[in-house]
file protein32.cif (mmCIF, C-alpha atoms)
data_upload
loop_
_atom_site.label_atom_id
_atom_site.label_comp_id
_atom_site.auth_asym_id
_atom_site.auth_seq_id
_atom_site.Cartn_x
_atom_site.Cartn_y
_atom_site.Cartn_z
CA MET A 731 -11.69 25.94 -24.47
CA ALA A 732 -8.26 24.69 -23.37
CA GLY A 733 -8.09 23.27 -19.89
CA LEU A 734 -7.55 20.12 -17.88
CA SER A 735 -9.47 18.55 -15.00
CA VAL A 736 -7.40 16.31 -12.71
CA ILE A 737 -9.53 13.80 -10.82
CA ILE A 738 -8.04 12.07 -7.76
CA PRO A 739 -10.08 9.25 -6.19
CA ALA A 740 -8.98 8.72 -2.59
CA ASN A 741 -10.07 6.05 -0.11
CA ASN A 742 -8.40 6.30 3.31
CA GLU A 743 -5.44 8.19 1.85
CA ALA A 744 -4.82 10.70 4.65
CA ALA A 745 -1.19 9.60 4.84
CA HIS A 746 -0.58 10.10 1.10
CA ILE A 747 -2.93 12.71 -0.36
CA GLY A 748 -0.86 15.59 0.99
CA ALA A 749 2.29 14.51 -0.85
CA CYS A 750 0.27 13.92 -4.03
CA LEU A 751 -1.15 17.45 -3.92
CA GLU A 752 2.23 18.94 -2.99
CA ALA A 753 3.70 17.41 -6.14
CA LEU A 754 0.96 19.01 -8.26
CA LEU A 755 1.64 22.40 -6.67
CA LYS A 756 5.32 22.07 -7.64
CA SER A 757 4.45 21.78 -11.34
CA ASN A 758 7.06 23.76 -13.24
CA PRO A 759 6.40 25.17 -15.71
CA LYS A 760 2.77 25.72 -14.92
CA PRO A 761 0.61 24.21 -17.66
CA GLY A 762 0.24 26.55 -20.61
CA TYR A 763 -0.64 26.58 -24.30
CA GLY A 764 -0.21 28.72 -27.37
CA SER A 765 2.88 29.76 -29.31
CA GLY A 766 5.79 31.95 -28.38
CA SER A 767 8.40 31.81 -25.64
CA ILE A 768 5.85 32.64 -22.94
CA PRO A 769 2.83 30.29 -23.13
CA VAL A 770 -0.65 31.39 -22.20
CA PRO A 771 -1.60 29.96 -18.75
CA MET A 772 -3.97 27.02 -19.03
CA PRO A 773 -6.99 26.61 -16.71
CA ILE A 774 -6.41 23.68 -14.38
CA GLU A 775 -8.93 22.07 -12.06
CA VAL A 776 -8.07 19.55 -9.34
CA ILE A 777 -10.87 17.44 -7.83
CA VAL A 778 -10.17 15.15 -4.88
CA VAL A 779 -12.93 12.56 -4.45
CA ALA A 780 -12.70 11.15 -0.93
CA ASN A 781 -14.90 8.06 -0.90
CA GLY A 782 -15.93 5.92 2.05
CA CYS A 783 -13.05 7.25 4.12
CA GLU A 784 -12.66 6.32 7.76
CA ASP A 785 -9.72 8.68 8.21
CA LYS A 786 -9.11 12.39 7.59
CA THR A 787 -8.46 12.22 3.83
CA ALA A 788 -11.03 14.92 3.02
CA ALA A 789 -9.86 17.20 5.83
CA VAL A 790 -6.20 16.91 4.80
CA ALA A 791 -7.08 17.67 1.18
CA GLN A 792 -9.26 20.66 2.08
CA LYS A 793 -6.28 22.35 3.75
CA PHE A 794 -4.79 22.84 0.26
CA ASP A 795 -7.64 25.04 -0.93
CA ARG A 796 -5.87 28.38 -0.51
CA ARG A 797 -2.61 27.15 -2.01
CA PHE A 798 -4.33 26.00 -5.20
CA ALA A 799 -6.25 29.28 -5.31
CA ALA A 800 -2.90 31.10 -5.14
CA MET A 801 -1.80 29.07 -8.16
CA GLY A 802 -4.87 30.28 -10.01
CA TRP A 803 -6.27 26.75 -10.20
CA ASP A 804 -9.75 25.58 -9.29
CA PHE A 805 -9.76 23.07 -6.44
CA SER A 806 -12.52 21.09 -4.76
CA VAL A 807 -12.95 18.13 -2.45
CA LEU A 808 -15.92 15.80 -2.72
CA ASP A 809 -16.60 13.70 0.37
CA LEU A 810 -18.70 10.65 -0.57
CA PRO A 811 -20.09 8.43 2.20
CA GLU A 812 -19.78 5.27 0.11
CA GLY A 813 -16.48 3.78 -1.00
CA GLY A 814 -15.69 2.57 -4.50
CA LYS A 815 -13.18 3.83 -7.05
CA MET A 816 -15.49 3.70 -10.08
CA ALA A 817 -18.21 5.68 -8.31
CA ALA A 818 -15.56 8.17 -7.23
CA LEU A 819 -14.31 8.58 -10.80
CA ASN A 820 -17.86 9.10 -12.04
CA ALA A 821 -18.55 11.67 -9.32
CA GLY A 822 -15.41 13.56 -10.28
CA ASP A 823 -16.34 13.43 -13.96
CA ALA A 824 -19.83 14.73 -13.18
CA THR A 825 -18.44 17.92 -11.64
CA ALA A 826 -15.40 18.45 -13.90
CA MET A 827 -15.36 21.69 -15.88
CA HIS A 828 -12.86 20.79 -18.59
CA ARG A 829 -13.28 18.19 -21.30
CA ALA A 830 -9.69 16.93 -21.21
CA ARG A 831 -9.22 14.73 -18.15
CA ALA A 832 -6.39 13.27 -16.11
CA TYR A 833 -7.01 10.52 -13.55
CA LEU A 834 -4.46 10.32 -10.76
CA ASP A 835 -4.13 7.88 -7.86
CA ALA A 836 -3.72 9.55 -4.49
CA ASP A 837 -0.41 7.82 -3.75
CA VAL A 838 1.26 8.84 -7.02
CA LEU A 839 3.79 11.69 -7.21
CA LEU A 840 4.20 13.64 -10.45
CA SER A 841 7.53 15.16 -11.42
CA PRO A 842 7.37 18.96 -11.89
CA ILE A 843 7.40 18.90 -15.71
CA LEU A 844 4.79 16.20 -16.29
CA LEU A 845 1.51 18.06 -15.78
CA ASP A 846 2.44 20.73 -18.33
CA GLN A 847 3.39 18.06 -20.88
CA MET A 848 0.17 16.14 -20.33
CA ALA A 849 -2.05 19.22 -20.39
CA ARG A 850 -0.53 20.31 -23.71
CA VAL A 851 -0.82 17.01 -25.59
CA LEU A 852 -4.45 16.57 -24.50
CA GLN A 853 -5.51 19.87 -26.12
CA THR A 854 -6.27 18.21 -29.44
CA GLU A 855 -9.29 17.16 -31.45
CA LYS A 856 -7.76 13.71 -31.90
CA PRO A 857 -8.43 10.85 -29.46
CA VAL A 858 -5.32 10.67 -27.28
CA TYR A 859 -4.36 8.66 -24.22
CA ALA A 860 -1.24 9.89 -22.40
CA SER A 861 0.87 9.05 -19.38
CA GLY A 862 4.40 9.65 -18.18
CA GLN A 863 7.44 7.51 -17.54
CA CYS A 864 6.49 5.30 -14.59
CA ARG A 865 9.12 4.94 -11.89
CA ILE A 866 8.48 2.48 -9.08
CA THR A 867 8.77 4.17 -5.69
CA PRO A 868 11.74 2.61 -3.83
CA PRO A 869 10.22 -0.27 -1.81
CA GLU A 870 10.83 -0.90 1.87
CA THR A 871 10.52 -4.67 2.34
CA TRP A 872 12.93 -7.23 0.91
CA ALA A 873 10.17 -9.07 -0.97
CA THR A 874 8.86 -5.98 -2.73
CA LYS A 875 12.40 -4.82 -3.51
CA ALA A 876 13.09 -8.16 -5.19
CA TYR A 877 9.75 -8.18 -7.02
CA ALA A 878 10.21 -4.60 -8.22
CA ARG A 879 13.60 -5.30 -9.77
CA ILE A 880 12.02 -7.80 -12.18
CA TYR A 881 8.70 -6.02 -12.62
CA ALA A 882 10.51 -2.90 -13.84
CA GLN A 883 11.99 -4.98 -16.69
CA VAL A 884 8.92 -6.81 -18.01
CA PRO A 885 7.54 -5.67 -21.39
CA PHE A 886 4.39 -4.20 -19.81
CA MET A 887 6.58 -1.62 -18.06
CA THR A 888 9.27 -1.09 -20.70
CA HIS A 889 7.09 -0.94 -23.83
CA GLY A 890 3.89 0.94 -24.58
CA VAL A 891 2.13 3.23 -22.13
CA PRO A 892 0.93 1.28 -19.07
CA GLY A 893 -0.52 4.29 -17.23
CA CYS A 894 -0.05 2.81 -13.76
CA GLY A 895 -1.77 5.21 -11.39
CA LEU A 896 -1.86 8.06 -13.93
CA PHE A 897 -3.44 8.51 -17.33
CA GLY A 898 -4.98 11.36 -19.23
CA VAL A 899 -7.37 11.50 -22.18
CA SER A 900 -8.28 14.20 -24.65
CA SER A 901 -11.85 15.42 -25.05
CA SER A 902 -12.62 13.16 -28.01
CA GLY A 903 -10.86 10.30 -26.25
CA ARG A 904 -13.05 10.72 -23.19
CA ARG A 905 -16.15 10.42 -25.36
CA ARG A 906 -15.24 6.82 -26.15
CA TRP A 907 -17.06 5.68 -23.05
CA GLY A 908 -19.75 7.12 -20.82
CA GLU A 909 -19.63 6.48 -17.10
CA PHE A 910 -16.93 4.21 -15.74
CA PRO A 911 -18.45 0.73 -15.53
CA ASP A 912 -18.46 -1.22 -12.28
CA ILE A 913 -15.31 -3.22 -13.00
CA ILE A 914 -12.03 -3.98 -11.22
CA SER A 915 -9.45 -2.40 -13.51
CA ASP A 916 -10.16 1.16 -14.60
CA ASP A 917 -6.66 1.72 -16.02
CA THR A 918 -6.79 -1.39 -18.23
CA TYR A 919 -10.29 -0.53 -19.42
CA VAL A 920 -9.34 3.02 -20.40
CA ARG A 921 -6.02 2.07 -21.98
CA LEU A 922 -7.68 -0.56 -24.19
CA ASN A 923 -10.20 2.00 -25.42
CA PHE A 924 -7.27 3.40 -27.42
CA ALA A 925 -5.24 1.82 -30.18
CA PRO A 926 -1.48 1.58 -29.52
CA ASP A 927 -0.75 4.46 -31.92
CA GLU A 928 -3.18 6.68 -29.99
CA ARG A 929 -1.21 6.30 -26.76
CA LEU A 930 1.56 8.73 -25.90
CA LYS A 931 4.34 8.20 -23.37
CA LEU A 932 5.60 11.60 -22.24
CA ARG A 933 9.12 12.42 -21.11
CA GLY A 934 8.05 13.48 -17.62
CA THR A 935 8.24 10.89 -14.86
CA TYR A 936 6.05 9.96 -11.93
CA GLU A 937 6.48 7.72 -8.90
CA TRP A 938 4.09 4.83 -8.40
CA PRO A 939 4.30 2.53 -5.35
CA LEU A 940 3.98 -1.22 -5.17
CA VAL A 941 2.39 -2.81 -2.13
CA GLU A 942 4.75 -4.11 0.54
CA GLY A 943 5.25 -7.76 1.44
CA LEU A 944 4.73 -11.12 -0.24
CA GLN A 945 1.16 -11.62 0.89
CA ASN A 946 0.04 -8.24 -0.38
CA LEU A 947 1.89 -8.70 -3.65
CA VAL A 948 -0.01 -11.93 -4.24
CA LYS A 949 -3.34 -10.29 -3.38
CA VAL A 950 -2.78 -7.39 -5.76
CA ARG A 951 -1.47 -9.63 -8.55
CA ARG A 952 -4.54 -11.85 -8.13
CA ARG A 953 -6.78 -8.81 -8.40
CA GLN A 954 -4.90 -7.59 -11.48
CA ASN A 955 -5.42 -10.97 -13.13
CA ALA A 956 -9.11 -10.88 -12.27
CA GLY A 957 -9.41 -7.38 -13.71
CA VAL A 958 -7.91 -8.39 -17.05
CA SER A 959 -10.05 -11.54 -17.20
CA GLU A 960 -13.15 -9.46 -16.50
CA ILE A 961 -12.40 -7.13 -19.39
CA LYS A 962 -11.71 -10.04 -21.74
CA LYS A 963 -15.09 -11.48 -20.83
CA LYS A 964 -17.19 -8.29 -20.84
CA TYR A 965 -15.40 -6.16 -23.44
CA GLN A 966 -13.87 -8.58 -25.92
CA ARG A 967 -13.84 -5.90 -28.61
CA LEU A 968 -11.26 -3.94 -26.62
CA MET A 969 -8.74 -6.78 -26.70
CA GLY A 970 -7.89 -5.88 -30.28
CA ASN A 971 -6.03 -2.90 -28.81
CA ASP A 972 -3.93 -5.06 -26.50
CA ASP A 973 -0.27 -4.71 -27.49
CA LYS A 974 1.21 -6.47 -24.47
CA ARG A 975 4.40 -8.30 -25.41
CA ARG A 976 5.59 -11.56 -23.96
CA LEU A 977 9.08 -12.29 -22.75
CA SER A 978 11.00 -14.65 -24.99
CA GLY A 979 12.53 -17.78 -23.50
CA PHE A 980 15.98 -16.24 -23.86
CA ALA A 981 14.89 -13.08 -22.06
CA ILE A 982 13.39 -15.12 -19.21
CA VAL A 983 16.62 -17.07 -18.74
CA ARG A 984 18.66 -13.86 -18.83
CA LEU A 985 16.47 -12.24 -16.17
CA ALA A 986 16.76 -15.32 -13.96
CA LEU A 987 20.54 -15.50 -14.25
CA ARG A 988 20.99 -11.81 -13.56
CA ASP A 989 18.79 -11.77 -10.45
CA LEU A 990 17.94 -15.18 -9.02
CA LEU A 991 16.22 -13.84 -5.90
CA GLY A 992 14.21 -11.25 -7.81
CA PHE A 993 13.14 -13.79 -10.41
CA ALA A 994 12.19 -16.33 -7.73
CA VAL A 995 10.02 -13.80 -5.89
CA TYR A 996 8.40 -12.47 -9.07
CA SER A 997 7.69 -15.96 -10.40
CA GLY A 998 6.45 -17.15 -7.03
CA VAL A 999 3.99 -14.27 -6.77
CA ALA A 1000 2.77 -14.93 -10.33
CA VAL A 1001 2.17 -18.61 -9.59
CA ALA A 1002 0.61 -18.04 -6.14
CA SER A 1003 -1.79 -15.46 -7.58
CA LYS A 1004 -3.44 -18.13 -9.72
CA PHE A 1005 -4.66 -19.95 -6.63
CA GLY A 1006 -6.80 -19.01 -3.67
CA SER A 1007 -9.89 -16.90 -3.17
CA LYS A 1008 -10.35 -13.51 -4.86
CA SER A 1009 -12.53 -12.28 -2.02
CA GLY A 1010 -11.35 -10.25 0.92
CA TRP A 1011 -8.84 -8.29 -1.15
CA SER A 1012 -7.55 -5.05 0.26
CA ARG A 1013 -5.01 -2.64 -1.09
CA GLY A 1014 -2.58 -3.65 1.62
CA ARG A 1015 -0.09 -0.83 1.04
#

call {"tool": "encode", "arguments": {"input": "protein32.cif", "output": "structure tokens"}}
result
Amino acid sequence: MAGLSVIIPANNEAAHIGACLEALLKSNPKPGYGSGSIPVPMPIEVIVVANGCEDKTAAVAQKFDRRFAAMGWDFSVLDLPEGGKMAALNAGDATAMHRARAYLDADVLLSPILLDQMARVLQTEKPVYASGQCRITPPETWATKAYARIYAQVPFMTHGVPGCGLFGVSSSGRRRWGEFPDIISDDTYVRLNFAPDERLKLRGTYEWPLVEGLQNLVKVRRRQNAGVSEIKKKYQRLMGNDDKRRLSGFAIVRLALRDLLGFAVYSGVAVASKFGSKSGWSRGR
């Protein structure tokens, strides 16, 4: 049966979950399938998994119940006492009704057209991984503004389908793994379960925020590095699906000459992330 379950893990996201859900409610057109000028409405389920929250994330999300019901969508909020993104994803999966899945971070904002596009392409018997066109949310601090200018131009962001904060998988794609393992990087793990030609970048956009400030950028970059290293060590077989390109020497020089401050900040964060302790990391938005 056609349908899509959208799972949103949320840890202390009271300040952001409302905007995330508002963006889903603005989906236009509403997800549909079938042929003809008027598509058949598609069943959509949204599951917010509040986990280990010390704020009002669950309460804020629960206020959207009637609005999703008015859309004709199923909506639920799970409130888990323990924190942890992987456990939250597994809890959402355990209650999801539809075999096609989308996993959405609570601080990500979908454009109106994206959910329909994703829901459609995931209604296939083929293994498919899909995401939209990632747009970095305009930063607030000078350091993150400088970092973002370069980050938006690196091959990871301009080629392939990075799936930062949003990715969806078809039913057969989801069967490629069981429960989410207890690892750092869920998005890298899922993406590398698919060959490059099984990944689709859709036309619809979404906004994804970077953390603010030099110190937080270093912490997150250090964690990203640790996540990739963990997958290389534990799931070496997946690395055959890694299509990450490297910047050529010419491209590096061109980036530096075009934006000296941005390049200095980006390079400085990359170098600093290779040193120091990996413990005590927090999201540091």

call {"tool": "residues_around", "arguments": {"input": "protein32.cif", "residues": "Val941 (chain A)", "least_positions_apart": "2", "cutoff": "12 Å", "atoms": "only C-alpha atoms", "output": "list in words"}}
result
Asp837, Ile866, Thr867, Pro868, Pro869, Glu870, Thr871, Trp872, Ala873, Thr874, Lys875, Tyr877, Ala878, Trp938, Pro939, Gly943, Leu944, Gln945, Asn946, Leu947, Val948, Lys949, Val950, Arg951, Ser1012, Arg1013, Gly1014 and Arg1015 of chain A

call {"tool": "residues_near_point", "arguments": {"input": "protein32.cif", "point": "(5.1, -10.3, -22.1)", "cutoff": "9 Å", "atoms": "only C-alpha atoms", "output": "number ranges by chain"}}
result
A: 884-886, 974-978

call {"tool": "atom_distance", "arguments": {"input": "protein32.cif", "atom1": "CA of Gly893 (chain A)", "atom2": "CA of Leu990 (chain A)"}}
result
28.1 Å

call {"tool": "closest_residue", "arguments": {"input": "protein32.cif", "among": "A:Lys793, A:Lys756, A:Arg879, A:Lys786", "to": "Ile843 (chain A)", "atoms": "all atoms listed in the file"}}
result
A:Lys756

call {"tool": "residues_around", "arguments": {"input": "protein32.cif", "residues": "Tyr763 (chain A)", "least_positions_apart": "4", "cutoff": "8 Å", "atoms": "only C-alpha atoms", "output": "PyMOL selection string"}}
result
chain A and resi 732+769-772+850

call {"tool": "write_last_selection", "arguments": {"input": "protein32.cif", "atoms": "C-alpha atoms", "output": "tab-separated table (two decimals), in the frame of the given file"}}
result
chain	number	residue	atom	x	y	z
A	732	ALA	CA	-8.26	24.69	-23.37
A	769	PRO	CA	2.83	30.29	-23.13
A	770	VAL	CA	-0.65	31.39	-22.20
A	771	PRO	CA	-1.60	29.96	-18.75
A	772	MET	CA	-3.97	27.02	-19.03
A	850	ARG	CA	-0.53	20.31	-23.71

call {"tool": "closest_residue", "arguments": {"input": "protein32.cif", "among": "A:Val736, A:Gly957, A:Thr918, A:Ile880", "to": "Gly992 (chain A)", "atoms": "all atoms listed in the file"}}
result
A:Ile880

call {"tool": "build_atoms", "arguments": {"input": "protein32.cif", "residues": "region 981-995 of chain A", "atoms": "N, CA, C and O atoms", "output": "short mmCIF file (atom, residue, chain, number, x, y, z; two decimals), in the frame of the given file"}}
result
data_model
loop_
_atom_site.label_atom_id
_atom_site.label_comp_id
_atom_site.auth_asym_id
_atom_site.auth_seq_id
_atom_site.Cartn_x
_atom_site.Cartn_y
_atom_site.Cartn_z
N ALA A 981 14.98 -14.21 -22.98
CA ALA A 981 14.89 -13.08 -22.06
C ALA A 981 14.57 -13.56 -20.64
O ALA A 981 15.07 -13.00 -19.66
N ILE A 982 13.73 -14.57 -20.52
CA ILE A 982 13.39 -15.12 -19.21
C ILE A 982 14.63 -15.70 -18.53
O ILE A 982 14.90 -15.45 -17.35
N VAL A 983 15.40 -16.47 -19.29
CA VAL A 983 16.62 -17.07 -18.74
C VAL A 983 17.61 -15.98 -18.32
O VAL A 983 18.24 -16.06 -17.26
N ARG A 984 17.73 -14.95 -19.14
CA ARG A 984 18.66 -13.86 -18.83
C ARG A 984 18.25 -13.13 -17.55
O ARG A 984 19.10 -12.81 -16.71
N LEU A 985 16.94 -12.88 -17.40
CA LEU A 985 16.47 -12.24 -16.17
C LEU A 985 16.79 -13.10 -14.95
O LEU A 985 17.22 -12.60 -13.91
N ALA A 986 16.54 -14.40 -15.08
CA ALA A 986 16.76 -15.32 -13.96
C ALA A 986 18.23 -15.37 -13.56
O ALA A 986 18.57 -15.36 -12.37
N LEU A 987 19.11 -15.40 -14.55
CA LEU A 987 20.54 -15.50 -14.25
C LEU A 987 21.09 -14.21 -13.66
O LEU A 987 22.00 -14.24 -12.82
N ARG A 988 20.52 -13.09 -14.07
CA ARG A 988 20.99 -11.81 -13.56
C ARG A 988 20.53 -11.55 -12.13
O ARG A 988 21.21 -10.86 -11.37
N ASP A 989 19.37 -12.08 -11.77
CA ASP A 989 18.79 -11.77 -10.45
C ASP A 989 17.96 -12.97 -10.00
O ASP A 989 16.74 -12.99 -10.15
N LEU A 990 18.62 -13.95 -9.41
CA LEU A 990 17.94 -15.18 -9.02
C LEU A 990 16.87 -14.92 -7.96
O LEU A 990 15.77 -15.46 -8.04
N LEU A 991 17.19 -14.11 -6.96
CA LEU A 991 16.22 -13.84 -5.90
C LEU A 991 15.02 -13.07 -6.46
O LEU A 991 13.87 -13.42 -6.20
N GLY A 992 15.30 -12.03 -7.23
CA GLY A 992 14.21 -11.25 -7.81
C GLY A 992 13.31 -12.11 -8.69
O GLY A 992 12.08 -12.02 -8.61
N PHE A 993 13.91 -12.93 -9.50
CA PHE A 993 13.14 -13.79 -10.41
C PHE A 993 12.32 -14.80 -9.63
O PHE A 993 11.17 -15.09 -9.97
N ALA A 994 12.90 -15.35 -8.55
CA ALA A 994 12.19 -16.33 -7.73
C ALA A 994 10.97 -15.69 -7.07
O ALA A 994 9.87 -16.28 -7.04
N VAL A 995 11.14 -14.48 -6.54
CA VAL A 995 10.02 -13.80 -5.89
C VAL A 995 8.95 -13.44 -6.91
O VAL A 995 7.76 -13.68 -6.70
#
